[in-house]
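Participant: So that you have it, the file is input_35.txt, and it contains compact mmCIF, C-alpha atoms and all ligand atoms:
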```txt
# COMPACT_ATOMS: atom_id res chain seq x y z
CA MET Z 13 9.15 -23.77 -23.29
CA ALA Z 14 8.47 -26.25 -20.47
CA THR Z 15 9.50 -23.95 -17.62
CA GLU Z 16 8.29 -20.40 -17.56
CA SER Z 17 9.69 -17.87 -15.09
CA PHE Z 18 9.05 -14.25 -14.33
CA ILE Z 19 9.48 -11.70 -11.55
CA ILE Z 20 6.84 -9.29 -10.27
CA LYS Z 21 8.27 -6.22 -8.53
CA THR Z 22 5.98 -3.92 -6.56
CA PRO Z 23 7.00 -0.83 -4.58
CA CYS Z 24 5.99 0.00 -1.03
CA SER Z 25 4.00 3.20 -0.58
CA SER Z 26 3.15 5.98 1.82
CA ALA Z 27 -0.49 7.04 1.83
CA ASN Z 28 -2.18 10.32 2.82
CA ILE Z 29 0.99 12.57 3.05
CA GLY Z 30 -0.80 14.68 5.64
CA PRO Z 31 -4.13 16.08 4.41
CA GLY Z 32 -4.75 13.55 1.60
CA PHE Z 33 -6.53 10.92 3.68
CA ASP Z 34 -7.55 8.03 1.37
CA VAL Z 35 -6.59 10.11 -1.69
CA ILE Z 36 -2.84 10.66 -2.06
CA GLY Z 37 -0.23 7.93 -2.42
CA LEU Z 38 3.51 7.94 -3.02
CA ALA Z 39 5.30 4.84 -4.33
CA LEU Z 40 8.69 4.44 -2.67
CA SER Z 41 11.90 2.55 -3.44
CA MET Z 42 11.54 -0.60 -1.33
CA TYR Z 43 10.17 -3.54 -3.31
CA LEU Z 44 8.14 -6.66 -2.74
CA GLU Z 45 9.42 -9.23 -5.24
CA LEU Z 46 7.74 -12.43 -6.43
CA GLN Z 47 9.91 -14.97 -8.20
CA VAL Z 48 7.51 -17.21 -10.07
CA THR Z 49 8.23 -20.44 -11.95
CA ILE Z 50 5.65 -22.54 -13.73
CA ASP Z 51 6.59 -26.02 -14.91
CA ARG Z 52 4.26 -26.39 -17.86
CA SER Z 53 5.66 -29.85 -18.72
CA LYS Z 54 3.69 -31.37 -15.82
CA THR Z 55 0.08 -32.39 -16.29
CA SER Z 56 -0.85 -33.01 -12.67
CA SER Z 57 0.36 -31.91 -9.26
CA SER Z 58 -0.06 -33.00 -5.66
CA LEU Z 59 0.38 -29.41 -4.46
CA PRO Z 60 -2.69 -27.70 -2.99
CA LEU Z 61 -4.16 -25.60 -5.81
CA ASN Z 62 -1.04 -26.56 -7.84
CA CYS Z 63 0.96 -23.97 -5.96
CA ARG Z 64 3.96 -23.99 -3.62
CA VAL Z 65 4.53 -20.77 -1.68
CA THR Z 66 7.86 -19.90 -0.03
CA TYR Z 67 8.62 -16.68 1.81
CA GLU Z 68 11.60 -14.70 3.03
CA GLY Z 69 11.71 -11.30 4.64
CA GLN Z 70 9.60 -9.35 7.09
CA GLY Z 71 7.62 -11.51 9.51
CA GLU Z 72 9.40 -14.64 8.28
CA ASP Z 73 10.15 -15.94 11.78
CA SER Z 74 6.89 -14.87 13.40
CA GLY Z 75 4.80 -17.28 11.34
CA ASP Z 76 2.42 -14.39 10.48
CA ILE Z 77 2.60 -15.13 6.77
CA SER Z 78 0.77 -18.30 5.77
CA LEU Z 79 2.29 -20.50 3.06
CA ASP Z 80 -1.10 -22.05 2.27
CA PRO Z 81 -2.04 -20.66 -1.17
CA GLU Z 82 -5.69 -20.35 -0.17
CA VAL Z 83 -4.81 -18.33 2.95
CA ASN Z 84 -1.79 -16.21 1.98
CA LEU Z 85 -3.04 -12.74 1.01
CA LEU Z 86 -1.00 -12.62 -2.17
CA THR Z 87 -1.97 -15.99 -3.63
CA ARG Z 88 -5.56 -15.60 -2.39
CA VAL Z 89 -5.86 -12.41 -4.44
CA ALA Z 90 -4.33 -14.17 -7.47
CA LEU Z 91 -6.88 -16.98 -7.06
CA TYR Z 92 -9.68 -14.44 -6.98
CA VAL Z 93 -8.50 -13.04 -10.34
CA LEU Z 94 -8.06 -16.56 -11.79
CA ARG Z 95 -11.48 -17.73 -10.59
CA CYS Z 96 -13.17 -14.66 -12.06
CA HIS Z 97 -11.83 -15.98 -15.37
CA GLY Z 98 -12.93 -19.58 -14.97
CA GLN Z 99 -9.59 -20.96 -13.72
CA ARG Z 100 -10.02 -22.73 -10.38
CA SER Z 101 -6.34 -23.04 -9.44
CA PHE Z 102 -2.80 -22.08 -10.41
CA PRO Z 103 -1.21 -23.69 -13.50
CA VAL Z 104 0.44 -27.07 -12.83
CA GLU Z 105 3.01 -26.66 -11.23
CA THR Z 106 3.55 -23.14 -9.87
CA HIS Z 107 6.18 -22.01 -7.37
CA VAL Z 108 5.81 -18.51 -5.92
CA HIS Z 109 8.81 -17.32 -3.90
CA ILE Z 110 7.97 -14.09 -2.03
CA LYS Z 111 10.83 -11.75 -1.02
CA ASN Z 112 9.40 -9.06 1.19
CA PRO Z 113 11.46 -6.29 2.79
CA ILE Z 114 8.36 -4.13 3.47
CA PRO Z 115 7.64 -4.09 7.22
CA LEU Z 116 4.16 -5.42 8.02
CA GLY Z 117 1.51 -3.18 9.57
CA ARG Z 118 3.79 -0.13 9.77
CA GLY Z 119 2.16 2.27 7.30
CA LEU Z 120 4.37 1.50 4.30
CA GLY Z 121 1.69 -0.24 2.29
CA SER Z 122 2.72 -3.86 2.77
CA SER Z 123 -0.83 -5.08 2.20
CA GLY Z 124 -1.35 -2.75 -0.77
CA ALA Z 125 1.84 -4.12 -2.36
CA ALA Z 126 0.69 -7.70 -1.67
CA VAL Z 127 -2.71 -7.01 -3.24
CA VAL Z 128 -1.23 -5.41 -6.37
CA ALA Z 129 1.39 -8.15 -6.77
CA GLY Z 130 -1.34 -10.75 -6.21
CA VAL Z 131 -3.53 -9.29 -8.95
CA LEU Z 132 -0.57 -9.27 -11.35
CA LEU Z 133 0.25 -12.85 -10.33
CA GLY Z 134 -3.28 -13.90 -11.25
CA LYS Z 135 -3.03 -12.10 -14.58
CA GLU Z 136 0.35 -13.64 -15.51
CA CYS Z 137 -0.48 -17.18 -14.34
CA GLY Z 138 -3.81 -17.12 -16.14
CA LYS Z 139 -2.38 -15.53 -19.31
CA LEU Z 140 -5.07 -12.87 -18.97
CA ASP Z 141 -3.42 -10.43 -21.37
CA HIS Z 142 -6.64 -8.49 -21.93
CA LEU Z 143 -6.54 -7.08 -18.37
CA THR Z 144 -5.37 -3.45 -18.63
CA PRO Z 145 -3.72 -1.62 -15.70
CA GLU Z 146 -7.01 0.26 -15.17
CA ARG Z 147 -8.93 -3.03 -14.96
CA LEU Z 148 -6.32 -4.47 -12.59
CA PHE Z 149 -6.99 -1.44 -10.36
CA ASP Z 150 -10.67 -2.51 -10.17
CA PHE Z 151 -9.59 -5.94 -8.93
CA CYS Z 152 -7.27 -4.39 -6.32
CA LEU Z 153 -10.13 -2.24 -5.05
CA MET Z 154 -12.33 -5.26 -4.45
CA ILE Z 155 -9.82 -6.27 -1.81
CA GLU Z 156 -8.31 -3.08 -0.37
CA ARG Z 157 -11.09 -0.51 -0.42
CA HIS Z 158 -9.02 2.66 -0.01
CA PRO Z 159 -7.28 3.45 -3.34
CA ASP Z 160 -4.21 5.40 -2.18
CA ASN Z 161 -1.73 2.56 -1.44
CA VAL Z 162 -2.83 0.24 -4.25
CA GLY Z 163 -2.94 3.15 -6.73
CA ALA Z 164 0.64 4.16 -5.90
CA ALA Z 165 1.92 0.56 -5.87
CA LEU Z 166 0.30 -0.23 -9.24
CA PHE Z 167 0.94 2.98 -11.18
CA GLY Z 168 4.01 4.34 -9.34
CA GLY Z 169 5.09 7.89 -8.49
CA PHE Z 170 3.09 10.51 -6.61
CA VAL Z 171 -0.61 9.97 -7.32
CA GLY Z 172 -4.04 11.29 -6.50
CA THR Z 173 -6.66 8.55 -6.53
CA TYR Z 174 -10.43 8.70 -6.59
CA LEU Z 175 -13.36 6.28 -6.70
CA LYS Z 176 -16.49 6.22 -8.77
CA PRO Z 177 -19.49 6.30 -6.42
CA LEU Z 178 -20.97 2.79 -6.42
CA THR Z 179 -24.70 2.33 -6.97
CA PRO Z 180 -26.72 1.04 -3.98
CA GLU Z 181 -26.98 -2.32 -5.83
CA GLU Z 182 -23.20 -2.53 -6.19
CA VAL Z 183 -22.68 -1.61 -2.54
CA ALA Z 184 -25.21 -4.25 -1.48
CA ARG Z 185 -23.45 -7.06 -3.37
CA LYS Z 186 -22.37 -9.48 -0.72
CA GLU Z 187 -19.15 -10.36 -2.47
CA ILE Z 188 -17.77 -6.83 -2.13
CA PRO Z 189 -15.57 -7.25 0.96
CA LEU Z 190 -16.81 -5.32 3.95
CA SER Z 191 -13.52 -5.17 5.81
CA GLU Z 192 -10.29 -3.60 4.65
CA VAL Z 193 -8.81 -6.87 3.53
CA LEU Z 194 -10.78 -9.92 2.38
CA PRO Z 195 -11.99 -11.55 5.61
CA ALA Z 196 -12.04 -15.11 4.31
CA PRO Z 197 -10.07 -17.11 1.76
CA ALA Z 198 -10.87 -16.28 -1.86
CA GLY Z 199 -14.30 -17.53 -2.67
CA GLY Z 200 -14.41 -19.42 0.67
CA VAL Z 201 -15.06 -23.13 0.13
CA ASP Z 202 -14.45 -23.92 -3.52
CA THR Z 203 -17.97 -24.41 -4.78
CA GLY Z 204 -16.83 -24.28 -8.39
CA ILE Z 205 -18.88 -21.13 -8.84
CA ARG Z 206 -17.15 -18.26 -10.60
CA PRO Z 207 -16.87 -15.26 -8.20
CA PRO Z 208 -18.40 -12.09 -9.60
CA GLU Z 209 -16.02 -9.70 -11.32
CA PRO Z 210 -15.55 -6.19 -9.96
CA PRO Z 211 -17.69 -3.38 -11.41
CA HIS Z 212 -15.84 -1.56 -14.22
CA GLY Z 213 -14.00 1.72 -13.59
CA ILE Z 214 -14.21 1.71 -9.78
CA GLY Z 215 -10.92 3.53 -9.31
CA HIS Z 216 -9.03 6.26 -11.15
CA HIS Z 217 -5.73 8.03 -10.62
CA ILE Z 218 -3.83 11.10 -11.71
CA LYS Z 219 -0.05 11.51 -11.53
CA PHE Z 220 1.42 14.61 -9.91
CA PRO Z 221 4.91 15.99 -10.49
CA TRP Z 222 7.56 15.47 -7.80
CA ALA Z 223 10.55 17.79 -7.38
CA PRO Z 224 13.74 15.72 -7.80
CA GLU Z 225 15.42 17.28 -4.73
CA ILE Z 226 12.81 15.81 -2.35
CA LYS Z 227 13.58 12.52 -0.59
CA ALA Z 228 11.44 10.62 1.90
CA VAL Z 229 12.94 9.67 5.27
CA ALA Z 230 10.91 6.84 6.81
CA ILE Z 231 11.28 6.41 10.58
CA ILE Z 232 9.87 2.96 11.32
CA PRO Z 233 8.95 2.06 14.92
CA GLU Z 234 9.26 -1.56 15.99
CA PHE Z 235 5.57 -2.10 16.60
CA GLU Z 236 2.62 -2.76 14.32
CA VAL Z 237 -0.62 -0.83 13.89
CA PRO Z 238 -3.03 -2.88 11.76
CA THR Z 239 -4.76 -0.57 9.30
CA ALA Z 240 -8.20 -1.87 10.26
CA LYS Z 241 -7.54 -0.85 13.89
CA ALA Z 242 -6.23 2.58 12.84
CA ARG Z 243 -9.45 3.17 10.88
CA GLU Z 244 -11.66 2.19 13.81
CA VAL Z 245 -10.39 5.16 15.85
CA LEU Z 246 -11.53 7.67 13.20
CA PRO Z 247 -14.84 9.48 13.72
CA ALA Z 248 -17.82 8.93 11.41
CA VAL Z 249 -18.57 12.67 11.29
CA TYR Z 250 -16.16 15.64 11.26
CA PRO Z 251 -16.49 19.30 12.30
CA ARG Z 252 -16.85 21.50 9.21
CA ASN Z 253 -13.78 23.59 10.17
CA ASP Z 254 -11.58 20.51 10.17
CA VAL Z 255 -12.80 19.45 6.73
CA THR Z 256 -12.20 22.96 5.38
CA PHE Z 257 -8.72 22.94 6.94
CA ASN Z 258 -7.80 19.78 5.00
CA LEU Z 259 -9.41 20.96 1.75
CA GLN Z 260 -7.32 24.13 1.87
CA ARG Z 261 -4.13 22.13 2.31
CA ILE Z 262 -4.90 19.38 -0.20
CA ALA Z 263 -5.26 22.09 -2.84
CA LEU Z 264 -1.66 23.12 -2.10
CA LEU Z 265 0.07 19.79 -1.60
CA PRO Z 266 0.55 18.48 -5.19
CA VAL Z 267 1.68 21.92 -6.40
CA ALA Z 268 4.01 22.45 -3.44
CA LEU Z 269 5.73 19.06 -3.87
CA GLY Z 270 6.13 19.50 -7.63
CA GLN Z 271 7.89 22.86 -7.47
CA SER Z 272 11.66 23.00 -7.95
CA PRO Z 273 13.39 24.32 -5.90
CA PRO Z 274 11.02 23.25 -3.10
CA ASP Z 275 9.60 25.91 -0.78
CA PRO Z 276 9.93 24.50 2.79
CA GLU Z 277 7.40 26.87 4.38
CA LEU Z 278 4.75 26.07 1.76
CA ILE Z 279 5.33 22.30 1.97
CA TYR Z 280 5.26 22.34 5.76
CA LEU Z 281 1.91 24.13 5.69
CA ALA Z 282 0.53 21.86 2.96
CA MET Z 283 1.29 18.71 4.98
CA GLN Z 284 -0.90 19.57 8.00
CA ASP Z 285 -3.89 17.35 8.72
CA LYS Z 286 -6.94 17.31 10.97
CA LEU Z 287 -8.77 14.26 9.62
CA HIS Z 288 -6.68 11.29 10.73
CA GLN Z 289 -3.46 12.12 12.55
CA PRO Z 290 -5.04 13.70 15.68
CA TYR Z 291 -7.16 10.56 16.23
CA ARG Z 292 -4.34 8.11 15.59
CA GLN Z 293 -2.11 9.59 18.28
CA THR Z 294 -3.98 7.31 20.70
CA LEU Z 295 -2.28 4.38 18.92
CA ILE Z 296 1.08 6.05 18.27
CA PRO Z 297 2.63 7.54 21.42
CA GLY Z 298 4.43 10.84 20.71
CA LEU Z 299 2.84 11.41 17.27
CA THR Z 300 1.43 14.89 17.95
CA GLU Z 301 4.63 16.05 19.65
CA ILE Z 302 6.70 14.86 16.66
CA VAL Z 303 4.45 16.50 14.05
CA GLU Z 304 4.27 19.78 15.97
CA SER Z 305 7.93 20.06 16.97
CA MET Z 306 9.63 19.20 13.67
CA THR Z 307 9.64 22.37 11.54
CA PRO Z 308 11.84 23.62 8.66
CA ALA Z 309 12.83 26.55 10.91
CA SER Z 310 14.21 24.25 13.60
CA MET Z 311 15.70 21.64 11.26
CA PRO Z 312 17.49 22.72 8.04
CA GLY Z 313 16.70 20.47 5.08
CA LEU Z 314 13.33 19.43 6.49
CA LEU Z 315 10.23 20.20 4.41
CA GLY Z 316 7.43 18.53 6.37
CA VAL Z 317 6.47 15.62 8.59
CA CYS Z 318 3.43 13.34 8.58
CA LEU Z 319 2.19 9.94 9.59
CA SER Z 320 2.85 7.43 6.80
CA GLY Z 321 -0.44 5.74 5.90
CA ALA Z 322 -2.14 4.42 8.99
CA GLY Z 323 1.18 4.50 10.89
CA PRO Z 324 3.15 4.04 13.01
CA THR Z 325 5.91 5.03 10.51
CA ILE Z 326 6.67 8.74 10.35
CA LEU Z 327 7.50 10.19 6.94
CA ALA Z 328 9.76 13.24 6.84
CA LEU Z 329 10.18 14.90 3.45
CA ALA Z 330 13.56 16.57 3.17
CA THR Z 331 16.27 17.81 0.82
CA GLY Z 332 19.20 17.01 3.16
CA ASN Z 333 20.29 16.40 6.77
CA PHE Z 334 18.53 13.04 6.65
CA GLU Z 335 20.40 11.49 9.57
CA GLU Z 336 19.84 14.49 11.89
CA ILE Z 337 16.13 14.52 11.04
CA ALA Z 338 15.77 10.77 11.64
CA THR Z 339 17.73 10.93 14.91
CA LYS Z 340 15.50 13.72 16.26
CA ILE Z 341 12.36 11.71 15.54
CA ILE Z 342 13.89 8.50 16.91
CA ASP Z 343 14.74 10.41 20.13
CA HIS Z 344 11.08 11.45 20.48
CA PHE Z 345 10.00 7.82 20.21
CA LYS Z 346 12.70 6.79 22.72
CA LYS Z 347 10.96 8.88 25.39
CA ASN Z 348 8.10 6.40 25.06
CA ASN Z 349 10.48 3.41 25.05
CA ILE Z 350 9.87 2.82 21.34
CA VAL Z 351 12.79 1.63 19.21
CA CYS Z 352 12.91 2.58 15.51
CA ASN Z 353 14.97 2.10 12.41
CA TRP Z 354 15.03 4.44 9.46
CA LYS Z 355 15.60 4.57 5.71
CA VAL Z 356 15.94 7.21 3.02
CA LEU Z 357 13.61 6.34 0.14
CA GLU Z 358 12.91 7.86 -3.24
CA PRO Z 359 9.80 7.94 -5.44
CA ALA Z 360 9.51 4.67 -7.35
CA GLU Z 361 8.06 3.32 -10.59
CA GLY Z 362 4.93 1.22 -10.39
CA THR Z 363 4.65 -2.56 -10.58
CA THR Z 364 6.70 -4.29 -13.26
CA VAL Z 365 6.72 -7.82 -14.60
CA ILE Z 366 10.14 -9.00 -15.78
CA ARG Z 367 10.22 -12.08 -18.00
CA LYS Z 368 13.49 -13.98 -18.36
N1 LIG Z 401 3.93 -10.03 1.23
C1 LIG Z 401 2.86 -10.39 1.92
N2 LIG Z 401 2.39 -11.63 1.82
C2 LIG Z 401 1.29 -12.02 2.51
N3 LIG Z 401 0.60 -11.19 3.36
C3 LIG Z 401 1.03 -9.94 3.50
C4 LIG Z 401 2.17 -9.46 2.79
N4 LIG Z 401 2.36 -8.18 3.11
C5 LIG Z 401 1.38 -7.86 3.98
N5 LIG Z 401 0.58 -8.89 4.22
C6 LIG Z 401 -0.61 -8.91 5.11
O1 LIG Z 401 -1.04 -7.58 5.35
C7 LIG Z 401 -0.99 -7.28 6.76
C8 LIG Z 401 -0.61 -5.84 7.01
O2 LIG Z 401 -1.59 -5.01 6.43
P1 LIG Z 401 -2.02 -3.61 7.05
O3 LIG Z 401 -2.97 -3.01 6.08
O4 LIG Z 401 -2.47 -3.79 8.45
O5 LIG Z 401 -0.67 -2.77 7.13
P2 LIG Z 401 0.23 -2.10 6.02
O6 LIG Z 401 -0.34 -2.36 4.67
O7 LIG Z 401 1.63 -2.56 6.24
O8 LIG Z 401 0.15 -0.57 6.41
P3 LIG Z 401 -0.63 0.68 5.71
O9 LIG Z 401 -1.85 0.12 5.03
O10 LIG Z 401 -0.96 1.62 6.81
O11 LIG Z 401 0.34 1.28 4.76
C9 LIG Z 401 0.04 -8.25 7.32
O12 LIG Z 401 -0.14 -8.49 8.69
C10 LIG Z 401 -0.21 -9.51 6.46
O13 LIG Z 401 -1.33 -10.20 6.96
N1 LIG Z 402 -5.59 5.95 3.65
C1 LIG Z 402 -5.42 4.77 4.45
C2 LIG Z 402 -4.05 4.21 4.16
C3 LIG Z 402 -3.74 2.98 4.98
O1 LIG Z 402 -2.46 2.60 4.63
C4 LIG Z 402 -5.54 5.12 5.91
O2 LIG Z 402 -4.95 6.12 6.33
O3 LIG Z 402 -6.24 4.39 6.63
```
Show me, as structure tokens, the structure contained in the file I just sent.
Ligand SMILES: Nc1ncnc2c1ncn2[C@@H]1O[C@H](COP(=O)(O)OP(=O)(O)OP(=O)(O)O)[C@@H](O)[C@H]1O
Ligand SMILES: N[C@@H](CCO)C(=O)O
Facilitator:
Amino acid sequence: MATESFIIKTPCSSANIGPGFDVIGLALSMYLELQVTIDRSKTSSSLPLNCRVTYEGQGEDSGDISLDPEVNLLTRVALYVLRCHGQRSFPVETHVHIKNPIPLGRGLGSSGAAVVAGVLLGKECGKLDHLTPERLFDFCLMIERHPDNVGAALFGGFVGTYLKPLTPEEVARKEIPLSEVLPAPAGGVDTGIRPPEPPHGIGHHIKFPWAPEIKAVAIIPEFEVPTAKAREVLPAVYPRNDVTFNLQRIALLPVALGQSPPDPELIYLAMQDKLHQPYRQTLIPGLTEIVESMTPASMPGLLGVCLSGAGPTILALATGNFEEIATKIIDHFKKNNIVCNWKVLEPAEGTTVIRK
């Protein structure tokens, strides 16, 4: 067939869910979609790297999303996968149309979704059928170093993720990105040299059960907190009591959220955190007040409240009264002149590739 087309659909995600900093991820029902067509009848192309990128959705008018295939996060990641397999560019002639409803820099895993979709784009364009989901996870982790968002976006559902400790030699490899997201275009200047592949088995995940009654209410403020900035405010060393506090709660969280019917008091307790939320309140006005004031006792239907990922989105888990819960949180933000919108989301499947 001369023209090949397929769709890559990747869910957004909420990371941490309170005490699970850099461990727990929940895939949610808002999807980044790539509509890809490859005209295999052509033998040459004047497009840069044989690829035309178009974009609609979040950030469309701000010009924040580059349409240059070597700069756009998604296509840059795909190029990294292709170049690891000896393919310097996209197939002649590739069109990638990105439809992105996931708000950027808000704690709903927009970059994690872009990285996962980019890795799948590289696999599909390069016909790299030997790449298993586990191996794709390794590629994702070369770009986004915390596994919680990419793990949820790739595998779907409610997941615990963990990393294999890298050897000092692996850590020292200059090609392992030092920042949260690749600082420079894939491979930098195209020297023709194949970039090194990721070490094998960097990341692992385990799926937890999720009680069907529980929905996720996302309250999304109209300002961005870049993840890299939200990680800079975290301390390098923690008091032992705070670490113990989180360990006690992380042992409860997956059990509490899997039990049907859900136990609000247990879930509320299991969603407390001392490792990231207290430090991030400097970037998110009203965060502590929201987390401390919203309880199941004061708000029927509510199970627990936390910062979604690196914020500023607040995630409220609930079995009902979604509008009342959202309105209460929106009113807290209003006191700081912050406008929000909100959505009810459900746990989602992982990334899928749909061929026509
Ligand atoms: N679909 C996309 N296409 C290209 N670039 C994207 C896309 N989605 C996100 N990005 C890039 O990722 C950046 C946001 O990443 P960042 O890690 O700061 O926030 P986030 O992933 O939305 O939140 P969190 O990691 O807390 O869940 C955007 O500013 C943009 O540069
Ligand atoms: N675990 C990461 C998720 C970022 O989305 C953090 O909280 O920084």
Participant: Counting only C-alpha atoms and all ligand atoms, which protein, DNA or RNA residues come within 6 Å of ligand LIG 401 (chain Z), given as a PyMOL selection string?
Facilitator: chain Z and resi 77+84-86+112+116-124+126+238-239+321-323
Participant: Please, which residues have at least one atom within 10 Å of an atom of ligand LIG 402 (chain Z), using only C-alpha atoms and all ligand atoms, listed as number ranges by chain?
Facilitator: Z: 25-30, 32-37, 117-124, 156-162, 192, 238-244, 246, 287-289, 292, 319-323
Participant: Write out as number ranges by chain the residues lying within 7 Å of Z:Pro359, counting all atoms listed in the file and excluding same-chain residues fewer than 4 positions away.
Facilitator: Z: 38-41, 169
Participant: I need the residue nearest Z:Arg88 from this list: Z:Ala309, Z:Leu59, Z:Val127, Z:Cys352. Use only C-alpha atoms for the distance.
Facilitator: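 For Z:Arg88, the nearest of the candidates is Z:Val127.
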Participant: Counting only C-alpha atoms, which residues of stretch 301-329 of chain Z fall within 8 Å of stretch 254-278 of chain Z, and what is the closest atom pair for each with its distance in Å at one decimal, ordered by chain and rising number, as CSV?
Facilitator:
```
residue,atom,partner,partner_atom,distance
Z:Pro308,CA,Z:Pro276,CA,6.2
Z:Leu314,CA,Z:Pro276,CA,7.1
Z:Leu315,CA,Z:Pro276,CA,4.6
Z:Gly316,CA,Z:Pro276,CA,7.4
```
Participant: Counting all atoms listed in the file, give me one row per residue of stretch 211-312 of chain Z with an atom at most 8 Å from an atom of stretch 335-338 of chain Z, showing the shortest contact pair and its distance in Å to one decimal, sorted by chain then residue number, as a Markdown table.
Facilitator:
```
| residue | atom | partner | partner_atom | distance |
| --- | --- | --- | --- | --- |
| Z:Val229 | CA | Z:Ala338 | CA | 7.1 |
| Z:Ala230 | CA | Z:Ala338 | CA | 7.9 |
| Z:Ile231 | CA | Z:Ala338 | CA | 6.3 |
| Z:Met311 | CA | Z:Ile337 | CA | 7.1 |
```
Participant: Can you spit out the residues from that selection as a CSV table (one decimal), keeping the file's coordinate frame, using C-alpha atoms?
Facilitator:
```
chain,number,residue,atom,x,y,z
Z,229,VAL,CA,12.9,9.7,5.3
Z,230,ALA,CA,10.9,6.8,6.8
Z,231,ILE,CA,11.3,6.4,10.6
Z,311,MET,CA,15.7,21.6,11.3
```
Participant: If we count all atoms listed in the file, what is near Z:Ser58 at a cut-off of 12 Å, once residues fewer than 4 positions away on the same chain are taken out, given as a count of residues only?
Facilitator: 7
Participant: Pick out the closest residue to Z:Tyr43 from this set: Z:Pro210, Z:Pro312, Z:Pro115, Z:Pro297. Count all atoms listed in the file.
Facilitator: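 Looking at the shortest contact to Z:Tyr43, the residue is Z:Pro115.
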Participant: Residues within 12 Å of Z:Lys368, please, as a list in words. Count all atoms listed in the file; anything in the same chain fewer than 5 positions from it doesn't count.
Facilitator: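 Everything that qualifies: Met13, Thr15, Glu16, Ser17, Phe18, Ile19, Ile20, Gln47, Val48 and Thr49 of chain Z.
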Participant: How many Å separate atom CA of Z:Gln70 from atom CA of Z:Lys355?
Facilitator: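 Straight-line distance from atom CA of Z:Gln70 to atom CA of Z:Lys355 works out to 15.2 Å.
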